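The file upload31.txt comes next; it holds compact mmCIF, C-alpha atoms and all ligand atoms.
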```
# COMPACT_ATOMS: atom_id res chain seq x y z
CA MET A 167 72.52 73.18 110.47
CA SER A 168 70.33 74.50 107.64
CA THR A 169 70.58 73.32 104.04
CA THR A 170 72.31 75.01 101.11
CA MET A 171 69.22 74.76 98.90
CA ASN A 172 68.51 78.08 97.17
CA LYS A 173 71.07 79.93 99.24
CA PRO A 174 73.45 82.28 97.46
CA VAL A 175 77.12 81.34 97.24
CA ILE A 176 79.11 83.36 99.77
CA GLY A 177 82.67 84.28 98.88
CA ILE A 178 85.05 85.47 101.59
CA LEU A 179 88.08 87.35 100.39
CA GLY A 180 90.76 87.05 103.06
CA ALA A 181 91.47 83.78 104.87
CA GLY A 182 92.87 85.09 108.13
CA LYS A 183 91.35 85.45 111.59
CA LEU A 184 88.13 87.16 110.49
CA GLY A 185 87.77 85.42 107.12
CA THR A 186 87.97 81.89 108.49
CA THR A 187 85.60 82.78 111.36
CA LEU A 188 83.02 84.14 108.91
CA ALA A 189 83.52 81.12 106.66
CA ARG A 190 82.73 78.90 109.63
CA LEU A 191 79.56 80.88 110.45
CA SER A 192 78.57 80.75 106.80
CA THR A 193 78.91 76.97 106.43
CA GLN A 194 77.20 76.45 109.80
CA ALA A 195 74.29 78.53 108.44
CA GLY A 196 74.10 76.27 105.39
CA TYR A 197 75.51 78.65 102.78
CA PRO A 198 77.76 77.28 100.06
CA THR A 199 81.00 79.06 100.97
CA LEU A 200 84.18 79.91 99.07
CA ILE A 201 87.24 81.48 100.66
CA ALA A 202 90.42 82.90 99.13
CA SER A 203 93.57 84.83 99.96
CA SER A 204 96.03 86.39 97.53
CA LYS A 205 97.89 83.06 97.35
CA PRO A 206 97.07 79.84 95.47
CA ALA A 207 94.16 77.89 96.99
CA SER A 208 96.49 75.05 97.98
CA LYS A 209 98.24 77.38 100.47
CA ILE A 210 95.06 77.83 102.54
CA ALA A 211 93.27 74.53 101.88
CA LEU A 212 94.51 72.74 105.03
CA ALA A 213 93.76 75.66 107.35
CA VAL A 214 90.32 76.10 105.79
CA SER A 215 89.50 72.40 106.17
CA VAL A 216 90.30 72.65 109.90
CA LEU A 217 88.91 76.10 110.71
CA ALA A 218 85.89 76.18 108.40
CA PRO A 219 84.93 72.61 107.49
CA GLY A 220 82.74 72.58 104.40
CA ALA A 221 84.10 75.83 102.98
CA GLN A 222 86.02 75.54 99.72
CA ALA A 223 89.43 77.14 99.31
CA VAL A 224 89.70 78.77 95.88
CA THR A 225 91.70 81.51 94.20
CA ALA A 226 90.55 85.12 94.46
CA ALA A 227 89.66 85.05 90.74
CA GLU A 228 87.53 81.91 91.14
CA LEU A 229 85.86 83.46 94.15
CA THR A 230 84.90 86.70 92.46
CA SER A 231 83.53 84.87 89.42
CA GLN A 232 81.52 82.24 91.37
CA ALA A 233 80.27 83.95 94.54
CA GLN A 234 76.99 85.85 94.55
CA ILE A 235 77.71 87.74 97.77
CA VAL A 236 81.30 88.64 98.61
CA ILE A 237 82.57 89.53 102.08
CA LEU A 238 85.78 91.59 102.19
CA ALA A 239 87.97 90.30 105.04
CA LEU A 240 91.39 91.33 103.79
CA PRO A 241 93.61 94.20 105.01
CA LEU A 242 91.95 97.48 104.00
CA GLY A 243 95.22 98.79 102.56
CA LYS A 244 95.06 96.02 99.92
CA TYR A 245 91.71 97.19 98.52
CA GLN A 246 93.14 98.10 95.15
CA THR A 247 93.92 94.43 94.49
CA ILE A 248 90.20 93.57 94.58
CA SER A 249 88.80 92.86 91.11
CA ARG A 250 86.31 95.64 90.32
CA GLN A 251 85.20 93.82 87.21
CA GLY A 252 84.81 90.51 89.05
CA LEU A 253 82.56 92.10 91.66
CA ALA A 254 80.47 94.23 89.28
CA GLY A 255 76.75 93.81 89.95
CA LYS A 256 77.30 91.96 93.24
CA LEU A 257 76.49 92.65 96.85
CA VAL A 258 79.76 93.25 98.67
CA LEU A 259 79.86 93.22 102.47
CA ASP A 260 82.77 95.29 103.69
CA ALA A 261 84.12 94.03 107.03
CA MET A 262 87.47 95.82 106.71
CA ASN A 263 88.85 98.36 109.18
CA TYR A 264 91.66 100.84 108.95
CA TRP A 265 94.70 99.98 111.10
CA TRP A 266 97.61 102.25 110.37
CA GLU A 267 100.04 99.63 111.65
CA VAL A 268 98.89 97.30 108.86
CA ASP A 269 97.52 99.66 106.25
CA GLY A 270 100.02 102.53 106.42
CA LYS A 271 99.87 106.04 107.91
CA GLU A 272 99.37 108.32 104.95
CA ASN A 273 96.56 107.25 102.67
CA ILE A 274 92.93 107.92 101.81
CA PHE A 275 91.78 106.16 105.00
CA SER A 276 93.98 108.04 107.44
CA THR A 277 91.73 111.13 107.76
CA PRO A 278 88.41 109.82 108.97
CA THR A 279 86.00 112.32 107.39
CA HIS A 280 84.25 109.51 105.55
CA SER A 281 83.47 105.92 106.34
CA SER A 282 86.13 103.70 104.78
CA SER A 283 83.23 101.76 103.24
CA GLU A 284 82.22 104.85 101.23
CA LEU A 285 85.71 104.87 99.76
CA ILE A 286 85.39 101.15 98.98
CA GLN A 287 82.02 101.86 97.33
CA GLU A 288 83.67 104.57 95.24
CA PHE A 289 86.36 102.09 94.16
CA LEU A 290 83.85 99.28 93.47
CA GLY A 291 81.58 101.57 91.47
CA GLU A 292 79.53 98.80 89.89
CA SER A 293 78.97 96.79 93.08
CA THR A 294 76.67 97.58 95.99
CA VAL A 295 78.68 97.89 99.18
CA VAL A 296 77.15 97.35 102.62
CA LYS A 297 79.24 97.65 105.77
CA ALA A 298 78.86 94.61 108.04
CA PHE A 299 80.76 92.44 110.50
CA ASN A 300 83.41 95.10 111.14
CA HIS A 301 82.73 96.15 114.74
CA MET A 302 82.94 92.81 116.57
CA GLY A 303 86.24 90.97 117.06
CA TYR A 304 86.57 87.55 115.46
CA HIS A 305 86.79 85.79 118.82
CA ASP A 306 83.51 87.38 119.92
CA LEU A 307 81.84 86.50 116.62
CA ASP A 308 82.86 82.95 117.33
CA ALA A 309 81.82 82.92 120.99
CA GLU A 310 78.57 84.88 120.68
CA VAL A 311 76.97 83.15 117.70
CA GLY A 312 73.39 82.05 118.33
CA GLN A 313 72.37 82.51 121.96
CA GLY A 314 75.70 84.03 123.02
CA LYS A 315 77.95 83.34 126.00
CA ASP A 316 75.40 84.79 128.45
CA GLY A 317 72.28 83.44 126.76
CA GLN A 318 71.56 86.75 125.00
CA ARG A 319 71.65 86.99 121.22
CA LYS A 320 74.08 89.73 120.12
CA ALA A 321 73.71 92.32 117.37
CA ILE A 322 75.72 93.27 114.31
CA ALA A 323 75.22 96.75 112.87
CA ILE A 324 75.04 97.14 109.12
CA ALA A 325 75.15 100.30 107.03
CA GLY A 326 74.18 100.75 103.41
CA ASP A 327 72.35 102.99 100.96
CA ASP A 328 70.31 100.49 98.98
CA ALA A 329 67.30 99.12 100.86
CA ALA A 330 67.10 95.83 98.96
CA THR A 331 70.74 94.90 99.46
CA VAL A 332 70.64 96.03 103.10
CA ARG A 333 67.74 93.58 103.57
CA GLN A 334 69.86 90.82 102.00
CA ALA A 335 72.74 91.70 104.32
CA ALA A 336 70.38 91.69 107.29
CA GLN A 337 69.18 88.20 106.34
CA LEU A 338 72.77 86.99 106.20
CA VAL A 339 73.53 88.48 109.63
CA THR A 340 70.42 86.76 111.02
CA ASP A 341 71.33 83.42 109.44
CA PHE A 342 74.90 83.70 110.74
CA GLY A 343 73.46 83.90 114.27
CA PHE A 344 73.15 87.62 115.13
CA ASP A 345 70.45 90.32 115.20
CA PRO A 346 70.92 92.98 112.52
CA VAL A 347 70.78 96.67 113.49
CA ILE A 348 70.37 98.81 110.40
CA LEU A 349 71.97 102.24 110.08
CA PRO A 350 70.32 104.69 107.67
CA SER A 351 73.21 105.05 105.20
CA LEU A 352 76.65 103.79 104.23
CA ALA A 353 78.09 107.10 105.46
CA ASP A 354 76.78 106.28 108.96
CA GLY A 355 79.14 103.31 108.94
CA ILE A 356 81.75 105.73 110.30
CA MET A 357 80.09 105.19 113.71
CA LEU A 358 81.21 101.54 113.61
CA GLU A 359 84.88 102.14 112.88
CA PRO A 360 88.05 102.14 115.03
CA GLY A 361 87.99 105.21 117.28
CA SER A 362 84.22 105.11 117.73
CA PRO A 363 82.64 103.89 120.99
CA LEU A 364 80.71 101.37 118.88
CA PHE A 365 83.88 99.71 117.70
CA GLY A 366 84.29 96.41 119.51
CA ALA A 367 80.64 96.37 120.59
CA ASP A 368 79.48 92.93 121.64
CA GLN A 369 75.94 93.79 122.73
CA PRO A 370 72.32 92.70 122.35
CA LYS A 371 70.25 94.67 119.82
CA ALA A 372 68.55 97.07 122.28
CA GLN A 373 71.87 98.10 123.85
CA LEU A 374 73.54 98.57 120.45
CA GLN A 375 70.63 100.76 119.32
CA GLU A 376 70.96 102.82 122.53
CA MET A 377 74.67 103.31 121.89
CA LEU A 378 73.96 104.45 118.33
CA ALA A 379 71.21 106.80 119.47
CA ALA A 380 73.63 108.45 121.93
CA PHE A 381 75.81 109.76 119.11
CA PRO A 382 75.99 113.57 118.82
CA GLU A 383 74.16 113.31 115.47
CA SER A 384 71.09 112.52 117.58
CA LYS A 385 68.68 112.48 114.63
CA LEU A 386 70.26 109.14 113.85
CA GLY A 387 68.71 107.65 116.96
CA LYS A 388 65.24 108.37 115.59
CA GLU A 389 66.08 107.12 112.09
CA ILE A 390 67.76 103.99 113.41
CA SER A 391 64.85 103.01 115.61
CA THR A 392 62.41 103.65 112.75
CA SER A 393 64.39 101.60 110.24
CA ASN A 394 64.64 98.71 112.69
CA GLN A 395 60.98 98.58 113.64
CA ASP A 396 60.27 95.47 111.59
CA SER A 397 63.59 93.71 112.00
N1 LIG A 401 90.49 90.27 113.38
C1 LIG A 401 89.29 90.75 113.73
O1 LIG A 401 88.76 90.46 114.82
C2 LIG A 401 88.56 91.67 112.79
C3 LIG A 401 87.24 92.06 113.11
C4 LIG A 401 86.55 92.90 112.26
C5 LIG A 401 87.17 93.35 111.10
N2 LIG A 401 88.46 92.98 110.81
C6 LIG A 401 89.06 93.45 109.56
O2 LIG A 401 89.09 92.32 108.68
C7 LIG A 401 90.23 92.38 107.83
C8 LIG A 401 91.06 91.12 108.04
O3 LIG A 401 91.49 91.07 109.38
P1 LIG A 401 92.17 89.76 109.98
O4 LIG A 401 92.36 90.02 111.41
O5 LIG A 401 91.42 88.56 109.54
O6 LIG A 401 93.59 89.79 109.25
P2 LIG A 401 94.58 88.58 108.99
O7 LIG A 401 94.39 87.53 110.00
O8 LIG A 401 95.92 89.19 108.82
O9 LIG A 401 94.09 88.00 107.58
C9 LIG A 401 94.14 88.73 106.39
C10 LIG A 401 93.87 87.77 105.26
O10 LIG A 401 93.78 88.51 104.04
C11 LIG A 401 94.59 87.86 103.06
N3 LIG A 401 95.00 88.82 102.05
C12 LIG A 401 96.00 89.74 102.10
N4 LIG A 401 96.05 90.44 100.97
C13 LIG A 401 95.05 89.96 100.18
C14 LIG A 401 94.61 90.27 98.89
N5 LIG A 401 95.19 91.24 98.18
N6 LIG A 401 93.56 89.57 98.37
C15 LIG A 401 92.98 88.57 99.09
N7 LIG A 401 93.35 88.24 100.33
C16 LIG A 401 94.38 88.92 100.88
C17 LIG A 401 95.75 87.29 103.87
O11 LIG A 401 96.42 86.25 103.19
P3 LIG A 401 97.66 86.47 102.19
O12 LIG A 401 98.49 87.60 102.74
O13 LIG A 401 98.35 85.15 102.19
O14 LIG A 401 97.03 86.79 100.88
C18 LIG A 401 94.98 86.73 105.05
O15 LIG A 401 94.40 85.49 104.72
C19 LIG A 401 90.98 93.66 108.22
O16 LIG A 401 90.57 94.71 107.38
C20 LIG A 401 90.50 93.90 109.65
O17 LIG A 401 90.60 95.25 110.03
C21 LIG A 401 89.16 92.14 111.63
```
Conversion result in structure tokens:
Amino acid sequence: MSTTMNKPVIGILGAGKLGTTLARLSTQAGYPTLIASSKPASKIALAVSVLAPGAQAVTAAELTSQAQIVILALPLGKYQTISRQGLAGKLVLDAMNYWWEVDGKENIFSTPTHSSSELIQEFLGESTVVKAFNHMGYHDLDAEVGQGKDGQRKAIAIAGDDAATVRQAAQLVTDFGFDPVILPSLADGIMLEPGSPLFGADQPKAQLQEMLAAFPESKLGKEISTSNQDS
């Protein structure tokens, strides 16, 4: 396990299946880690101590004020409860997906002409949103960390518009135990969402890049391989 020295505080909003898994990866990687749900911290403290030892259960308000990087792992349909002011100026990693069964049938996410992360970026106007950790199921994140079940390190695709924050997100993905694959823009995050062949991908980097390059928007293949040359 690495140390917490000089590492940013990671805040995970949502303490369910994905949130507790990411909290575990975060503490294992040596990041100081906060986690919250919509309830008082005492309601999740026991589960957090078992599922993500070392992570601290806090309220959502404490999390948004103290964390330097915030991962959104709550139901997408609840996005309007996220504190825009609390997250202003921060890097926000959006791991949320649209499930109509959970999030409702008729809303801004139900017609997939845009990546849901673009809509989250629009809502969180003063934060920088990068899409990450949305395409792999929580059980695979857990099982594949590091060298993976089959001895092959697996990849997590990330999509964002701001090069500096995308680099930060890529570092986090690396530290959590995966290879980052960088998409050229936040809008390209639509290729990682439910309904896309990429959704659910649990693949090494080269295979994930091949899958991305096979998209009809084939120019993306070229851009993706260029932007990943050094990573
Ligand atoms: N499960 C996966 O494998 C997976 C993989 C990739 C992405 N995702 C996405 O990640 C998100 C979470 O999925 P999940 O499977 O972890 O769901 P989940 O197990 O139902 O957990 C959702 C968590 O969010 C909390 N929550 C609900 N409303 C909230 C709010 N307004 N503010 C803060 N926290 C809130 C819930 O607690 P309270 O209701 O008590 O507040 C709960 O702790 C979804 O958008 C999902 O599509 C899931």
Please check which protein, DNA or RNA residues sit within 7 Å of ligand LIG 401 (chain A), counting all atoms listed in the file, and write them as a ChimeraX atom specification.
/A:179-185,202-205,226,239-242,244-245,247-248,261-265,299-305
With C-alpha atoms retained, could you export that selection as a short mmCIF file (atom, residue, chain, number, x, y, z; two decimals), in the frame of the given file?
```cif
data_model
loop_
_atom_site.label_atom_id
_atom_site.label_comp_id
_atom_site.auth_asym_id
_atom_site.auth_seq_id
_atom_site.Cartn_x
_atom_site.Cartn_y
_atom_site.Cartn_z
CA LEU A 179 88.08 87.35 100.39
CA GLY A 180 90.76 87.05 103.06
CA ALA A 181 91.47 83.78 104.87
CA GLY A 182 92.87 85.09 108.13
CA LYS A 183 91.35 85.45 111.59
CA LEU A 184 88.13 87.16 110.49
CA GLY A 185 87.77 85.42 107.12
CA ALA A 202 90.42 82.90 99.13
CA SER A 203 93.57 84.83 99.96
CA SER A 204 96.03 86.39 97.53
CA LYS A 205 97.89 83.06 97.35
CA ALA A 226 90.55 85.12 94.46
CA ALA A 239 87.97 90.30 105.04
CA LEU A 240 91.39 91.33 103.79
CA PRO A 241 93.61 94.20 105.01
CA LEU A 242 91.95 97.48 104.00
CA LYS A 244 95.06 96.02 99.92
CA TYR A 245 91.71 97.19 98.52
CA THR A 247 93.92 94.43 94.49
CA ILE A 248 90.20 93.57 94.58
CA ALA A 261 84.12 94.03 107.03
CA MET A 262 87.47 95.82 106.71
CA ASN A 263 88.85 98.36 109.18
CA TYR A 264 91.66 100.84 108.95
CA TRP A 265 94.70 99.98 111.10
CA PHE A 299 80.76 92.44 110.50
CA ASN A 300 83.41 95.10 111.14
CA HIS A 301 82.73 96.15 114.74
CA MET A 302 82.94 92.81 116.57
CA GLY A 303 86.24 90.97 117.06
CA TYR A 304 86.57 87.55 115.46
CA HIS A 305 86.79 85.79 118.82
#
```
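Closest approach to Leu374 (chain A) among A:Pro346, A:Gly220, A:Gly326, A:Pro174 is made by A:Pro346 (distances from all atoms listed in the file).
CA of Val295 (chain A) sits 6.1 Å away from CA of Leu257 (chain A).
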Identify, on the basis of only C-alpha atoms, every residue whose closest approach to region 285-294 of chain A does not exceed 12 Å; exclude the query and any residue fewer than 5 positions from it along the same chain; express the result as number ranges by chain.
A: 230, 234-238, 242-264, 273-280, 325-332, 334-335, 352-353, 355-356
Measure the distance from CA of Thr225 (chain A) to CA of Ala207 (chain A) in Å and round it to one decimal.
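Taking CA of Thr225 (chain A) and CA of Ala207 (chain A), their separation equals 5.2 Å.
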As an exercise, work out the distance from CA of Ala189 (chain A) to CA of Val224 (chain A) in Å and give it to one decimal place.
12.6 Å
What's the 8 Å shell around Leu217 (chain A), counting only C-alpha atoms, without same-chain residues fewer than 6 positions away, as a ChimeraX atom specification?
/A:186-187,190
Among the residues A:Tyr197, A:Ala367, A:Gln313, A:Ala211, the one that comes closest to Ala223 (chain A) [using all atoms listed in the file]
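The shortest atom-to-atom distance to Ala223 (chain A) comes from A:Ala211.
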With 8 Å as the threshold, what does the neighbourhood of (77.5, 103.5, 115.5) contain in terms of residues, counting only C-alpha atoms? Coordinates are those of the file; answer as a PyMOL selection string.
chain A and resi 323+349+354-359+362-365+377-378+381
Find the spatial neighbours of Ser192 (chain A), counting only C-alpha atoms, within a cut-off of 10 Å - ignore same-chain residues fewer than 3 positions away - and output them as a ChimeraX atom specification.
/A:175-178,186-189,195-200,218,220-221,338-339,341-343
